[in-house]
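**Q** Shown below is the structure under consideration.
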Amino acid sequence: MLNHSGSPDLYTRRLHLRRYRPEDYIMMYRNWASDPEVAKYVNWGPHNSPAVTKELVSMWVEGYESSTVYRWGIEMAGELIGDISIVKWREEAESCEIGYCLCRRFWNQGLMIEALNRVITYLFETVGFHRISLCHDVENPASGRVMQKCGLRKEGVFRGAQRRKDGSWMDVAYYAILAEDRR
Ligand SMILES: CC(C)(COP(=O)(O)OP(=O)(O)OC[C@H]1O[C@@H](n2cnc3c(N)ncnc32)[C@H](O)[C@@H]1OP(=O)(O)O)[C@@H](O)C(=O)NCCC(=O)NCCS
């Protein structure tokens, strides 16, 4: 049985993971949502105006009324620099899948490893998930490295499993970690 607890404040050495606020759309648009490089390997396209981000953030803020919403803005030194969220979950399997993205100026400083580790600990220890998985386009190896460094194991590559936004087929690498792997 999962103990759904929503998206409380979580802290790491450098980061504050927190719920979105309506006004965050300004920083989110500027820092990552409008950046084609950030959107290159994800299933959404770069936002072409702040109004798009504003609408999304306001929907997310409303979503926090539900304790089954797990979505955090990643804040460092008062600046919103990224997102980490559960993108899918299955109650009966006590399992979920996480997605994340970070403002390009902050890449390669170990920040997503720090954020993901904290979220995994919360989801295992407080919510009680049994299995957490993530996946990435094989052409995006930095994301796979984050997963490995957080202790997830590669379970395989599904060839041609999804279409990229440009219409080409993507090989998708799947990683997962079980609660017992952390004990
Ligand atoms: C993927 C992403 C979240 C990584 O965030 P990050 O904070 O830069 O990641 P970290 O610094 O914590 O770790 C990155 C690791 O990948 C490594 N790395 C970076 N570029 C790499 C590359 N091209 N090939 C292999 N490894 C790479 C880094 O060296 C680091 O490993 P290390 O600690 O062993 O040196 C960030 O690049 C991003 O937001 N990308 C755009 C959105 C995205 O792709 N999201 C994931 C979709 S699955």
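Residues in the structure tokens are named by chain (A, B, ... in the order shown) and by number from 1 within that chain; ligands are numbered from 1 in the order shown.
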Collect all residues with atoms no farther than 7 Å from ligand 1, counting only C-alpha atoms and all ligand atoms, and output them as JSON, numbers by chain.
**A** {"A": [37, 38, 39, 40, 41, 42, 99, 100, 101, 102, 103, 104, 106, 107, 108, 109, 110, 111, 112, 113, 114, 135, 136, 137, 140, 141, 142, 143, 145, 146]}
**Q** Skipping near chain neighbours, those fewer than 2 positions away, what residues fall within 8 Å of Tyr64 of chain A using only C-alpha atoms, listed as a PyMOL selection string?
**A** chain A and resi 6-7+19+60-62+66-67+69
**Q** As a ChimeraX atom specification, please: every residue in segment 67-180 of chain A that a backbone DSSP assignment puts in helix (DSSP H, G or I).
**A** /A:104-106,111-127,141-149,179-180
**Q** Record the distance separating atom CA of Asp83 of chain A and atom CA of Gln162 of chain A, expressed in Å with one decimal.
**A**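 So the answer is 22.3 Å.
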**Q** Run DSSP on the backbone and tell me which residues of chain A come out as strand (DSSP E); list them as a ChimeraX atom specification.
**A** /A:10-11,16-18,71-76,79-90,95-102,131-137,153-163,169-178
**Q** Can you tell me how far atom CA of Ile84 of chain A sits from atom CA of Trp169 of chain A, in Å to one decimal?
**A** 25.1 Å
**Q** Excluding Thr53 of chain A and its own-chain neighbours fewer than 5 positions away, which residues fall within 12 Å of it when counting only C-alpha atoms? Please give them as an NGL selection string.
**A** :A and (20 or 22-34 or 44-48 or 58-60)
**Q** Can you pull out the residues contacting segment 124-127 of chain A? Cut-off 7 Å, using only C-alpha atoms, and skip same-chain residues under 6 positions away; I want them as JSON, numbers by chain.
**A** {"A": [2, 3, 4, 5, 179]}
**Q** Could you check which of A:Leu116, A:Asp35, A:Val52, A:Arg18 is closest to Trp72 of chain A, using only C-alpha atoms?
**A**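 Smallest distance to Trp72 of chain A is found for A:Arg18.
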**Q** Quick one: distance from atom CA of Leu15 of chain A to atom CA of Met76 of chain A in Å, one decimal?
**A**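 According to the coordinates, atom CA of Leu15 of chain A and atom CA of Met76 of chain A are separated by 5.0 Å.
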**Q** Leaving out Asn117 of chain A and any residue of its chain fewer than 6 positions from it, which residues lie within 9 Å of it when counting only C-alpha atoms, given as a PyMOL selection string?
**A** chain A and resi 149-151
**Q** Could those residues be written to a file, using N, CA and C atoms, as a short mmCIF file (atom, residue, chain, number, x, y, z; two decimals), in the first residue's frame?
**A**
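Generated file (part-v3.cif):
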```cif
data_model
loop_
_atom_site.label_atom_id
_atom_site.label_comp_id
_atom_site.auth_asym_id
_atom_site.auth_seq_id
_atom_site.Cartn_x
_atom_site.Cartn_y
_atom_site.Cartn_z
N LYS A 149 24.57 6.74 -11.66
CA LYS A 149 25.20 7.28 -10.46
C LYS A 149 24.25 7.32 -9.26
N CYS A 150 22.94 7.20 -9.54
CA CYS A 150 21.97 7.13 -8.45
C CYS A 150 21.64 5.68 -8.09
N GLY A 151 22.38 4.75 -8.67
CA GLY A 151 22.22 3.35 -8.27
C GLY A 151 21.18 2.58 -9.06
#
```
**Q** Pick out the closest residue to Met170 of chain A from this set: A:Leu123, A:Ile86, A:Ile74, A:Val157. Count only C-alpha atoms.
**A**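 Nearest to Met170 of chain A: A:Val157.
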